[in-house]
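Structure data follow from coords-v1.pdb (PDB, C-alpha atoms):
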```
MODEL        1
ATOM      1  CA  MET C 389     -30.875  21.928  -4.111
ATOM      2  CA  MET C 390     -28.785  18.852  -4.839
ATOM      3  CA  GLN C 391     -28.006  15.829  -2.711
ATOM      4  CA  ILE C 392     -24.424  14.565  -2.533
ATOM      5  CA  ASN C 393     -23.746  11.093  -1.139
ATOM      6  CA  VAL C 394     -20.507  11.154   0.811
ATOM      7  CA  LYS C 395     -18.505   8.063   1.788
ATOM      8  CA  TYR C 396     -15.559   8.015   4.131
ATOM      9  CA  PHE C 397     -12.542   5.685   4.099
ATOM     10  CA  ALA C 398     -10.111   5.009   6.967
ATOM     11  CA  GLN C 399      -9.219   7.693   9.506
ATOM     12  CA  ILE C 400     -11.711  10.238   8.295
ATOM     13  CA  LYS C 401     -14.417   7.628   8.814
ATOM     14  CA  SER C 402     -13.281   7.162  12.397
ATOM     15  CA  LYS C 403     -13.273  10.938  12.888
ATOM     16  CA  ALA C 404     -16.719  11.318  11.358
ATOM     17  CA  GLY C 405     -18.038   8.423  13.398
ATOM     18  CA  LYS C 406     -19.919   7.097  10.386
ATOM     19  CA  SER C 407     -19.116   5.558   7.051
ATOM     20  CA  SER C 408     -21.381   7.754   4.948
ATOM     21  CA  ASP C 409     -23.309  10.989   4.982
ATOM     22  CA  THR C 410     -25.569  13.019   2.755
ATOM     23  CA  LEU C 411     -25.059  16.659   2.013
ATOM     24  CA  GLU C 412     -27.609  19.149   0.647
ATOM     25  CA  ILE C 413     -25.888  21.778  -1.478
ATOM     26  CA  ASP C 414     -27.057  24.504  -3.815
ATOM     27  CA  ASN C 415     -27.308  23.859  -7.522
ATOM     28  CA  GLY C 416     -24.119  24.746  -9.366
ATOM     29  CA  MET C 417     -21.817  24.274  -6.385
ATOM     30  CA  THR C 418     -18.319  22.937  -7.016
ATOM     31  CA  LEU C 419     -16.136  20.397  -5.229
ATOM     32  CA  HIS C 420     -14.456  23.143  -3.194
ATOM     33  CA  GLU C 421     -17.758  24.460  -1.906
ATOM     34  CA  CYS C 422     -19.012  20.957  -1.263
ATOM     35  CA  ILE C 423     -16.002  20.009   0.868
ATOM     36  CA  LYS C 424     -16.079  23.311   2.724
ATOM     37  CA  GLN C 425     -19.722  22.752   3.562
ATOM     38  CA  LEU C 426     -18.994  19.200   4.641
ATOM     39  CA  GLY C 427     -16.313  20.409   7.049
ATOM     40  CA  GLU C 428     -18.606  23.051   8.492
ATOM     41  CA  LYS C 429     -21.417  20.547   8.919
ATOM     42  CA  SER C 430     -19.356  17.987  10.765
ATOM     43  CA  ASP C 431     -19.033  19.833  14.104
ATOM     44  CA  ALA C 432     -15.296  20.247  13.367
ATOM     45  CA  SER C 433     -14.512  16.531  13.801
ATOM     46  CA  ILE C 434     -13.375  16.014  10.216
ATOM     47  CA  ASN C 435     -12.626  19.640   9.465
ATOM     48  CA  GLU C 436      -9.091  19.247  10.855
ATOM     49  CA  LEU C 437      -8.397  16.532   8.262
ATOM     50  CA  LEU C 438      -9.656  18.761   5.458
ATOM     51  CA  PHE C 439      -8.258  22.199   6.274
ATOM     52  CA  ASP C 440      -5.401  23.675   8.280
ATOM     53  CA  SER C 441      -5.941  26.262  10.984
ATOM     54  CA  SER C 442      -5.864  29.015   8.351
ATOM     55  CA  GLY C 443      -8.586  27.350   6.325
ATOM     56  CA  ASN C 444      -6.313  26.096   3.542
ATOM     57  CA  TYR C 445      -7.142  22.691   2.073
ATOM     58  CA  LEU C 446      -4.558  20.154   3.268
ATOM     59  CA  ASP C 447      -4.379  18.137   0.031
ATOM     60  CA  THR C 448      -3.546  14.885   1.799
ATOM     61  CA  LEU C 449      -6.696  12.982   0.841
ATOM     62  CA  VAL C 450      -7.701  10.965  -2.172
ATOM     63  CA  LEU C 451     -10.978  12.288  -3.565
ATOM     64  CA  VAL C 452     -13.115   9.983  -5.674
ATOM     65  CA  LEU C 453     -16.118  11.300  -7.548
ATOM     66  CA  ASN C 454     -18.432   8.631  -8.949
ATOM     67  CA  GLY C 455     -15.630   6.062  -8.983
ATOM     68  CA  GLU C 456     -12.981   8.294 -10.602
ATOM     69  CA  GLN C 457     -10.209  10.116  -8.782
ATOM     70  CA  VAL C 458     -10.541  13.885  -8.937
ATOM     71  CA  ARG C 459      -8.021  16.467  -7.830
ATOM     72  CA  TYR C 460      -9.089  19.210  -5.493
ATOM     73  CA  SER C 461      -7.472  21.674  -7.892
ATOM     74  CA  ASP C 462      -9.702  20.449 -10.740
ATOM     75  CA  ASN C 463     -12.714  21.687  -8.751
ATOM     76  CA  PRO C 464     -15.443  20.050 -10.855
ATOM     77  CA  GLU C 465     -19.031  21.208 -10.648
ATOM     78  CA  MET C 466     -21.135  18.841  -8.575
ATOM     79  CA  ASN C 467     -24.297  17.148  -9.808
ATOM     80  CA  ASN C 468     -27.349  15.839  -8.024
ATOM     81  CA  ASN C 469     -26.811  12.349  -6.521
ATOM     82  CA  ASP C 470     -23.049  12.432  -7.045
ATOM     83  CA  GLU C 471     -21.085  10.025  -4.856
ATOM     84  CA  LEU C 472     -18.011  11.579  -3.294
ATOM     85  CA  MET C 473     -15.615   9.239  -1.485
ATOM     86  CA  ILE C 474     -13.020  10.837   0.748
ATOM     87  CA  MET C 475     -10.088   8.531   1.493
ATOM     88  CA  SER C 476      -7.600   9.235   4.243
ATOM     89  CA  PRO C 477      -4.022   8.217   3.566
ATOM     90  CA  ILE C 478      -3.088   4.936   5.215
ATOM     91  CA  ALA C 479       0.178   3.019   5.548
ATOM     92  CA  GLY C 480       1.574  -0.312   6.688
ATOM     93  CA  GLY C 481       2.900  -1.547   9.977
TER
ATOM     94  CA  MET N 966      19.439 -17.089 -15.892
ATOM     95  CA  LYS N 967      19.592 -19.755 -13.190
ATOM     96  CA  LYS N 968      17.631 -22.908 -14.086
ATOM     97  CA  LEU N 969      15.284 -24.839 -11.807
ATOM     98  CA  THR N 970      16.587 -27.802  -9.866
ATOM     99  CA  ASP N 971      14.642 -31.047  -9.512
ATOM    100  CA  LYS N 972      13.877 -30.056  -5.942
ATOM    101  CA  GLU N 973      12.384 -26.753  -7.109
ATOM    102  CA  ARG N 974      10.310 -28.470  -9.791
ATOM    103  CA  ALA N 975       8.834 -30.613  -7.044
ATOM    104  CA  VAL N 976       8.211 -27.751  -4.607
ATOM    105  CA  TYR N 977       6.533 -25.471  -7.165
ATOM    106  CA  GLU N 978       4.702 -28.215  -9.042
ATOM    107  CA  TRP N 979       1.197 -26.915  -8.280
ATOM    108  CA  GLN N 980       1.829 -23.300  -9.309
ATOM    109  CA  LEU N 981       3.628 -24.304 -12.516
ATOM    110  CA  ASP N 982       0.199 -25.273 -13.844
ATOM    111  CA  VAL N 983      -1.343 -21.801 -13.352
ATOM    112  CA  ALA N 984      -2.566 -20.524 -16.714
ATOM    113  CA  GLY N 985      -0.500 -17.623 -18.014
ATOM    114  CA  PHE N 986       2.320 -18.134 -15.500
ATOM    115  CA  GLY N 987       4.575 -19.727 -18.071
ATOM    116  CA  GLY N 988       5.387 -22.957 -16.269
ATOM    117  CA  GLU N 989       9.102 -23.476 -15.670
ATOM    118  CA  GLU N 990       9.946 -20.281 -17.548
ATOM    119  CA  GLY N 991       7.749 -18.265 -15.172
ATOM    120  CA  GLN N 992       9.237 -20.029 -12.159
ATOM    121  CA  GLU N 993      12.749 -19.268 -13.378
ATOM    122  CA  LYS N 994      11.802 -15.601 -13.606
ATOM    123  CA  LEU N 995      10.832 -15.725  -9.921
ATOM    124  CA  LYS N 996      14.010 -17.619  -9.035
ATOM    125  CA  ASN N 997      16.150 -14.974 -10.703
ATOM    126  CA  ALA N 998      14.236 -12.031  -9.245
ATOM    127  CA  SER N 999      14.870  -9.903  -6.172
ATOM    128  CA  VAL N1000      12.234  -8.068  -4.148
ATOM    129  CA  LEU N1001      12.716  -5.419  -1.479
ATOM    130  CA  VAL N1002      10.154  -5.567   1.323
ATOM    131  CA  SER N1003      10.118  -2.901   4.008
ATOM    132  CA  ARG N1004       9.181  -3.206   6.753
ATOM    133  CA  CYS N1005       8.414  -6.816   7.705
ATOM    134  CA  GLY N1006       5.565  -6.044  10.101
ATOM    135  CA  GLY N1007       1.910  -6.973   9.743
ATOM    136  CA  LEU N1008       2.041  -6.392   6.020
ATOM    137  CA  GLY N1009       5.633  -7.090   5.125
ATOM    138  CA  SER N1010       5.858 -10.351   7.100
ATOM    139  CA  VAL N1011       3.128 -11.910   5.029
ATOM    140  CA  VAL N1012       4.404 -10.396   1.771
ATOM    141  CA  ALA N1013       7.852 -11.875   2.447
ATOM    142  CA  TYR N1014       6.432 -15.245   3.513
ATOM    143  CA  GLU N1015       4.318 -15.567   0.361
ATOM    144  CA  LEU N1016       7.198 -14.523  -1.872
ATOM    145  CA  ALA N1017       9.495 -17.010  -0.147
ATOM    146  CA  ALA N1018       6.875 -19.717  -0.606
ATOM    147  CA  ALA N1019       6.430 -18.821  -4.273
ATOM    148  CA  GLY N1020      10.139 -19.164  -4.957
ATOM    149  CA  VAL N1021      11.369 -15.613  -5.443
ATOM    150  CA  GLY N1022      15.133 -16.028  -5.433
ATOM    151  CA  LYS N1023      16.250 -13.097  -3.314
ATOM    152  CA  LEU N1024      14.546 -10.928  -0.727
ATOM    153  CA  ILE N1025      15.986  -7.688   0.554
ATOM    154  CA  LEU N1026      14.347  -7.147   3.918
ATOM    155  CA  ALA N1027      14.645  -4.023   6.036
ATOM    156  CA  HIS N1028      13.229  -3.841   9.531
ATOM    157  CA  GLY N1029      14.825  -2.382  12.640
ATOM    158  CA  GLY N1030      14.158  -2.931  16.340
ATOM    159  CA  ASN N1031      13.462  -5.878  18.603
ATOM    160  CA  VAL N1032      10.365  -8.060  18.830
ATOM    161  CA  LYS N1033       7.715  -6.733  21.216
ATOM    162  CA  GLU N1034       4.545  -8.346  22.564
ATOM    163  CA  SER N1035       2.428  -5.905  20.578
ATOM    164  CA  ASP N1036       3.980  -7.150  17.316
ATOM    165  CA  LEU N1037       2.555 -10.617  17.711
ATOM    166  CA  ASN N1038      -1.074 -10.028  16.682
ATOM    167  CA  ARG N1039      -0.047  -9.395  13.082
ATOM    168  CA  GLN N1040       3.707  -9.658  12.438
ATOM    169  CA  LEU N1041       3.629 -13.324  11.543
ATOM    170  CA  LEU N1042       7.389 -13.762  11.166
ATOM    171  CA  MET N1043       7.909 -12.752  14.817
ATOM    172  CA  THR N1044       7.584 -15.360  17.541
ATOM    173  CA  ASP N1045       7.047 -15.290  21.277
ATOM    174  CA  ASP N1046      10.392 -16.972  21.928
ATOM    175  CA  TRP N1047      12.150 -14.105  20.121
ATOM    176  CA  LEU N1048      10.807 -11.306  22.347
ATOM    177  CA  GLY N1049      13.488  -8.706  22.967
ATOM    178  CA  LYS N1050      15.672  -9.962  20.135
ATOM    179  CA  PRO N1051      16.130  -8.354  16.694
ATOM    180  CA  ARG N1052      13.050  -8.620  14.499
ATOM    181  CA  ILE N1053      15.094  -9.077  11.356
ATOM    182  CA  GLU N1054      16.724 -12.220  12.824
ATOM    183  CA  SER N1055      13.293 -13.685  13.497
ATOM    184  CA  VAL N1056      12.225 -12.788   9.957
ATOM    185  CA  GLU N1057      15.270 -14.444   8.414
ATOM    186  CA  ARG N1058      14.959 -17.547  10.603
ATOM    187  CA  ARG N1059      11.267 -18.093   9.797
ATOM    188  CA  LEU N1060      11.731 -17.573   6.084
ATOM    189  CA  LYS N1061      14.674 -19.965   5.953
ATOM    190  CA  GLU N1062      12.595 -22.594   7.745
ATOM    191  CA  LEU N1063      10.082 -22.350   4.915
ATOM    192  CA  ASN N1064      12.529 -21.986   2.037
ATOM    193  CA  PRO N1065      16.192 -22.756   2.768
ATOM    194  CA  ARG N1066      17.067 -22.011  -0.868
ATOM    195  CA  LEU N1067      16.051 -18.371  -0.447
ATOM    196  CA  GLU N1068      18.796 -15.734  -0.559
ATOM    197  CA  ILE N1069      18.145 -13.053   2.028
ATOM    198  CA  MET N1070      19.777  -9.670   2.428
ATOM    199  CA  ALA N1071      18.707  -8.821   5.954
ATOM    200  CA  VAL N1072      18.999  -5.208   7.078
ATOM    201  CA  ASN N1073      18.552  -4.440  10.763
ATOM    202  CA  ASP N1074      17.233  -0.973  10.050
ATOM    203  CA  ASN N1075      14.226   0.725   8.539
ATOM    204  CA  ILE N1076      14.344   2.547   5.234
ATOM    205  CA  ASN N1077      15.984   5.933   5.671
ATOM    206  CA  GLU N1078      17.741   8.606   3.658
ATOM    207  CA  ASP N1079      21.091   6.823   4.033
ATOM    208  CA  ASN N1080      20.035   3.385   2.773
ATOM    209  CA  ALA N1081      17.014   3.912   0.501
ATOM    210  CA  LYS N1082      18.895   4.394  -2.753
ATOM    211  CA  ALA N1083      21.201   1.412  -2.279
ATOM    212  CA  LEU N1084      18.472  -0.969  -1.101
ATOM    213  CA  VAL N1085      16.144  -0.080  -3.965
ATOM    214  CA  SER N1086      19.027  -0.607  -6.402
ATOM    215  CA  GLU N1087      19.348  -4.227  -5.177
ATOM    216  CA  ALA N1088      15.759  -5.084  -6.134
ATOM    217  CA  ASP N1089      13.749  -5.703  -9.283
ATOM    218  CA  VAL N1090      10.489  -4.928  -7.478
ATOM    219  CA  ILE N1091       9.761  -3.048  -4.242
ATOM    220  CA  VAL N1092       6.870  -3.797  -1.906
ATOM    221  CA  ASP N1093       6.127  -0.851   0.340
ATOM    222  CA  ALA N1094       4.809  -2.083   3.675
ATOM    223  CA  ALA N1095       6.209   0.640   5.938
ATOM    224  CA  PRO N1096       4.148   2.344   8.635
ATOM    225  CA  LEU N1097       5.591   5.835   8.270
ATOM    226  CA  PHE N1098       5.006   8.076   5.279
ATOM    227  CA  LYS N1099       8.574   9.338   5.469
ATOM    228  CA  GLU N1100       9.805   5.820   4.652
ATOM    229  CA  ARG N1101       7.095   5.303   2.045
ATOM    230  CA  PHE N1102       7.941   8.528   0.240
ATOM    231  CA  LEU N1103      11.650   7.608   0.256
ATOM    232  CA  MET N1104      10.968   4.230  -1.365
ATOM    233  CA  ASN N1105       8.632   5.893  -3.859
ATOM    234  CA  ARG N1106      11.224   8.518  -4.748
ATOM    235  CA  GLU N1107      13.945   5.929  -5.311
ATOM    236  CA  ALA N1108      11.656   3.559  -7.200
ATOM    237  CA  VAL N1109      10.722   6.345  -9.609
ATOM    238  CA  ALA N1110      14.346   7.519  -9.956
ATOM    239  CA  GLN N1111      15.557   3.971 -10.656
ATOM    240  CA  ASN N1112      12.537   2.999 -12.792
ATOM    241  CA  LYS N1113      11.512   0.137 -10.505
ATOM    242  CA  VAL N1114       7.991  -1.162  -9.974
ATOM    243  CA  LEU N1115       6.654  -0.468  -6.478
ATOM    244  CA  VAL N1116       3.658  -2.266  -4.996
ATOM    245  CA  ASP N1117       2.088   0.007  -2.418
ATOM    246  CA  CYS N1118       0.107  -1.758   0.320
ATOM    247  CA  ALA N1119      -1.608  -0.126   3.276
ATOM    248  CA  MET N1120      -4.183  -0.857   5.959
ATOM    249  CA  TYR N1121      -6.096   0.749   8.794
ATOM    250  CA  GLU N1122      -8.524  -0.903  11.171
ATOM    251  CA  LEU N1123     -10.597  -3.205   8.932
ATOM    252  CA  GLU N1124      -9.773  -1.312   5.746
ATOM    253  CA  ALA N1125      -6.929  -1.738   3.300
ATOM    254  CA  GLN N1126      -5.798  -0.576  -0.105
ATOM    255  CA  ILE N1127      -3.245  -1.456  -2.734
ATOM    256  CA  THR N1128      -1.968  -0.124  -6.034
ATOM    257  CA  THR N1129       0.965  -0.976  -8.278
ATOM    258  CA  ILE N1130       3.175   1.926  -9.281
ATOM    259  CA  ILE N1131       5.023   1.680 -12.582
ATOM    260  CA  PRO N1132       7.183   4.763 -13.152
ATOM    261  CA  GLY N1133       6.176   6.664 -16.272
ATOM    262  CA  GLU N1134       2.928   4.726 -16.641
ATOM    263  CA  THR N1135       0.996   5.214 -13.432
ATOM    264  CA  PRO N1136       0.629   7.728 -10.628
ATOM    265  CA  CYS N1137       3.310   7.456  -7.958
ATOM    266  CA  LEU N1138       2.696   7.742  -4.227
ATOM    267  CA  ALA N1139       3.422  11.461  -4.336
ATOM    268  CA  CYS N1140       0.794  11.890  -7.064
ATOM    269  CA  LEU N1141      -1.766  10.424  -4.682
ATOM    270  CA  TYR N1142      -0.551  12.382  -1.658
ATOM    271  CA  PRO N1143       1.132  15.616  -2.743
ATOM    272  CA  LYS N1144       1.734  16.561   0.886
ATOM    273  CA  GLU N1145       2.835  14.408   3.812
ATOM    274  CA  PRO N1146      -0.288  13.348   5.710
ATOM    275  CA  VAL N1147      -0.612  15.236   8.956
ATOM    276  CA  ALA N1148      -3.021  13.013  10.813
ATOM    277  CA  TRP N1149      -1.358   9.617  10.376
ATOM    278  CA  LYS N1150      -0.297   8.109  13.684
ATOM    279  CA  ARG N1151       2.315   5.362  14.126
ATOM    280  CA  ARG N1152      -0.042   3.309  16.253
ATOM    281  CA  PHE N1153      -3.390   2.522  14.733
ATOM    282  CA  PRO N1154      -6.103  -0.093  15.131
ATOM    283  CA  VAL N1155      -5.713  -3.245  13.037
ATOM    284  CA  PHE N1156      -6.234  -6.991  13.003
ATOM    285  CA  GLY N1157      -3.513  -9.182  11.572
ATOM    286  CA  ALA N1158      -6.050 -10.779   9.269
ATOM    287  CA  VAL N1159      -6.557  -7.379   7.603
ATOM    288  CA  SER N1160      -2.863  -6.692   7.029
ATOM    289  CA  GLY N1161      -2.445 -10.297   5.944
ATOM    290  CA  THR N1162      -5.229 -10.023   3.393
ATOM    291  CA  VAL N1163      -3.761  -7.034   1.594
ATOM    292  CA  ALA N1164      -0.254  -8.469   2.018
ATOM    293  CA  CYS N1165      -1.223 -11.569   0.050
ATOM    294  CA  MET N1166      -2.506  -9.285  -2.680
ATOM    295  CA  GLY N1167       0.772  -7.368  -2.596
ATOM    296  CA  ALA N1168       2.774 -10.562  -2.948
ATOM    297  CA  MET N1169       0.579 -11.610  -5.852
ATOM    298  CA  GLU N1170       1.159  -8.259  -7.547
ATOM    299  CA  ALA N1171       4.921  -8.726  -7.228
ATOM    300  CA  ILE N1172       4.658 -12.260  -8.638
ATOM    301  CA  LYS N1173       2.558 -10.966 -11.547
ATOM    302  CA  VAL N1174       4.968  -8.146 -12.355
ATOM    303  CA  ILE N1175       7.984 -10.471 -12.305
ATOM    304  CA  SER N1176       6.446 -13.329 -14.249
ATOM    305  CA  GLY N1177       4.197 -11.389 -16.628
ATOM    306  CA  LEU N1178       1.136 -13.202 -15.328
ATOM    307  CA  GLY N1179      -2.227 -11.400 -15.534
ATOM    308  CA  GLU N1180      -2.723  -7.643 -15.307
ATOM    309  CA  PRO N1181      -1.215  -5.627 -12.431
ATOM    310  CA  LEU N1182      -3.163  -2.951 -10.575
ATOM    311  CA  LYS N1183      -1.904  -0.187 -12.857
ATOM    312  CA  ASN N1184      -3.686   3.166 -12.577
ATOM    313  CA  ARG N1185      -6.166   1.585 -10.196
ATOM    314  CA  LEU N1186      -6.478   1.803  -6.434
ATOM    315  CA  PHE N1187      -8.104  -1.273  -4.947
ATOM    316  CA  SER N1188      -9.719  -0.651  -1.577
ATOM    317  CA  MET N1189     -11.651  -2.879   0.785
ATOM    318  CA  ASP N1190     -13.551  -2.681   4.013
ATOM    319  CA  LEU N1191     -13.654  -6.064   5.709
ATOM    320  CA  ARG N1192     -16.220  -4.775   8.239
ATOM    321  CA  ASP N1193     -18.980  -5.093   5.673
ATOM    322  CA  MET N1194     -16.999  -6.791   2.886
ATOM    323  CA  THR N1195     -17.222  -3.913   0.432
ATOM    324  CA  PHE N1196     -14.587  -3.686  -2.274
ATOM    325  CA  ALA N1197     -13.906  -0.917  -4.761
ATOM    326  CA  VAL N1198     -11.560  -0.197  -7.624
ATOM    327  CA  THR N1199     -10.921   3.481  -8.276
ATOM    328  CA  ASN N1200      -9.288   4.787 -11.416
ATOM    329  CA  ILE N1201      -6.391   6.993 -10.372
ATOM    330  CA  LYS N1202      -4.308   9.351 -12.476
ATOM    331  CA  ARG N1203      -0.882  10.933 -12.588
ATOM    332  CA  ASN N1204      -0.390  14.419 -11.249
ATOM    333  CA  PRO N1205       1.253  16.494 -14.012
ATOM    334  CA  SER N1206       2.792  18.727 -11.365
ATOM    335  CA  CYS N1207       4.053  15.875  -9.175
ATOM    336  CA  LYS N1208       7.428  16.757  -7.660
ATOM    337  CA  ILE N1209       8.620  13.156  -7.955
ATOM    338  CA  CYS N1210       7.368  11.830 -11.297
ATOM    339  CA  GLY N1211       5.720  14.791 -13.025
TER
ENDMDL
END
```
What's the structure tokens form of this structure?
Amino acid sequence: MMQINVKYFAQIKSKAGKSSDTLEIDNGMTLHECIKQLGEKSDASINELLFDSSGNYLDTLVLVLNGEQVRYSDNPEMNNNDELMIMSPIAGG
Amino acid sequence: MKKLTDKERAVYEWQLDVAGFGGEEGQEKLKNASVLVSRCGGLGSVVAYELAAAGVGKLILAHGGNVKESDLNRQLLMTDDWLGKPRIESVERRLKELNPRLEIMAVNDNINEDNAKALVSEADVIVDAAPLFKERFLMNREAVAQNKVLVDCAMYELEAQITTIIPGETPCLACLYPKEPVAWKRRFPVFGAVSGTVACMGAMEAIKVISGLGEPLKNRLFSMDLRDMTFAVTNIKRNPSCKICG
């Protein structure tokens, strides 16, 4: 098993009700599997910001893996103690 | 290139000494520059105020609607005595009080499909301070099409972020958000001190881009959480399949 350290930014943090989380995932899992598991773990509160009602990734978030932006489509393999920051889009006003 | 007057030399005396700014030459670049700021709310008010104070020669300001009570916790160019009257008039009045030399193109409307292209064409630099992604994507599209630098500022609650978009060199807004965000709501929690903080950074980015001072936030997304004073810089990258700049 691997531990992923998850951080939330902006709306998704409000939805999650916490600024960070840890996720236990199987060795060899990828970003897609990690995010899917995160959505399933979070009693649906953040799932609606990750996936549409058909289960398709919404692609409206900035994903940051160990300080570098990653694209969902790149789907990198995760490593133990990775830090994944999930940033909701924000605006002005 | 318009030269500085004696009055302007006196007003900008302290910033003329900033290392790397270029003294009078840097100040003349600001004097001859134009910046589009939209809207002039919690973010844009402070961006416009700082740019007016710094001596940017022309501001193109777009903001529709009338002043409401709920504007006053953060929209620092709106005043209680202007409640119910057009916001853009309050913006123009306050900026002129600070800098009567400032040229202002005041637009009593928000950025939309009909005005985006023309307003962006008036500016050397765009500062995106709009609350709706539809407006933000329009400014981004036109900035990329017209090869204009766009400083993108945003905030939510006690968090904020900023990046500087240079077409052809950096990701654009559509690279960051390939699809229009579904969960963003027009009303959101925020303190004026949060929007003001990132707005000052946005104004500084515009000043840097115009004058050549320092290094803009290219290919980097600066984010902050004022709740616990954590700050981060994330390396961001262009999306090769971006529909706007790819």
Practice prompt. Considering all atoms listed in the file, state which residue in the set N:Gly988, N:Gly1049, N:Gly1133, N:Pro1154 is at the smallest distance from chain C.
Written response: N:Pro1154
Interface rows for chain N against chain C: nearest pair, Å to one decimal, 6 Å, all atoms listed in the file, as a Markdown table:
```
| residue | atom | partner | partner_atom | distance |
| --- | --- | --- | --- | --- |
| N:Gly1006 | CA | C:Gly481 | CA | 5.2 |
| N:Gly1007 | CA | C:Gly481 | CA | 5.5 |
| N:Ala1094 | CA | C:Gly480 | CA | 4.8 |
| N:Ala1095 | CA | C:Gly480 | CA | 4.8 |
| N:Pro1096 | CA | C:Gly480 | CA | 4.2 |
| N:Ala1119 | CA | C:Ala479 | CA | 4.3 |
| N:Met1120 | CA | C:Gly480 | CA | 5.8 |
| N:Tyr1142 | CA | C:Thr448 | CA | 5.2 |
| N:Lys1144 | CA | C:Thr448 | CA | 5.6 |
| N:Pro1146 | CA | C:Thr448 | CA | 5.3 |
| N:Thr1199 | CA | C:Gly455 | CA | 5.4 |
| N:Asn1200 | CA | C:Glu456 | CA | 5.2 |
| N:Ile1201 | CA | C:Gln457 | CA | 5.2 |
```
Would you mind exporting C-alpha atoms of the selected residues as an mmCIF file, keeping the file's coordinate frame?
```
data_model
loop_
_atom_site.group_PDB
_atom_site.id
_atom_site.type_symbol
_atom_site.label_atom_id
_atom_site.label_comp_id
_atom_site.auth_asym_id
_atom_site.auth_seq_id
_atom_site.Cartn_x
_atom_site.Cartn_y
_atom_site.Cartn_z
ATOM 1 C CA GLY N 1006 5.565 -6.044 10.101
ATOM 2 C CA GLY N 1007 1.910 -6.973 9.743
ATOM 3 C CA ALA N 1094 4.809 -2.083 3.675
ATOM 4 C CA ALA N 1095 6.209 0.640 5.938
ATOM 5 C CA PRO N 1096 4.148 2.344 8.635
ATOM 6 C CA ALA N 1119 -1.608 -0.126 3.276
ATOM 7 C CA MET N 1120 -4.183 -0.857 5.959
ATOM 8 C CA TYR N 1142 -0.551 12.382 -1.658
ATOM 9 C CA LYS N 1144 1.734 16.561 0.886
ATOM 10 C CA PRO N 1146 -0.288 13.348 5.710
ATOM 11 C CA THR N 1199 -10.921 3.481 -8.276
ATOM 12 C CA ASN N 1200 -9.288 4.787 -11.416
ATOM 13 C CA ILE N 1201 -6.391 6.993 -10.372
#
```
Practice prompt. Would you translate the PyMOL selection byres ((chain N and resi 1211) around 12) into the concrete set of residues it matches in this file, as a ChimeraX atom specification?
Written response: /N:1106,1109-1110,1132-1140,1143,1202-1210
Fill in: Contact residues around Lys395 of chain C with only C-alpha atoms at 7 Å, ignoring same-chain residues under 5 positions, as an MDAnalysis selection string
chainID C and resid 407:409 472:474
Worksheet item: What do you get, as a VMD selection string, if you spell out every residue that the PyMOL selection byres ((chain N and resi 1018) around 12) selects here?
Response: chain N and resid 973 976 to 977 979 to 980 992 995 to 996 1011 to 1017 1019 to 1024 1059 to 1067 1165 1168 to 1169 1172
Worksheet item: Out of C:Ile392, C:Leu426, C:Ala404, C:Leu411, which residue has the shortest atom-to-atom distance to Asn469 of chain C when counting all atoms listed in the file?
Response: C:Ile392
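A straight line drawn from atom CA of Ile1091 of chain N to atom CA of Leu1041 of chain N is 19.8 Å long.
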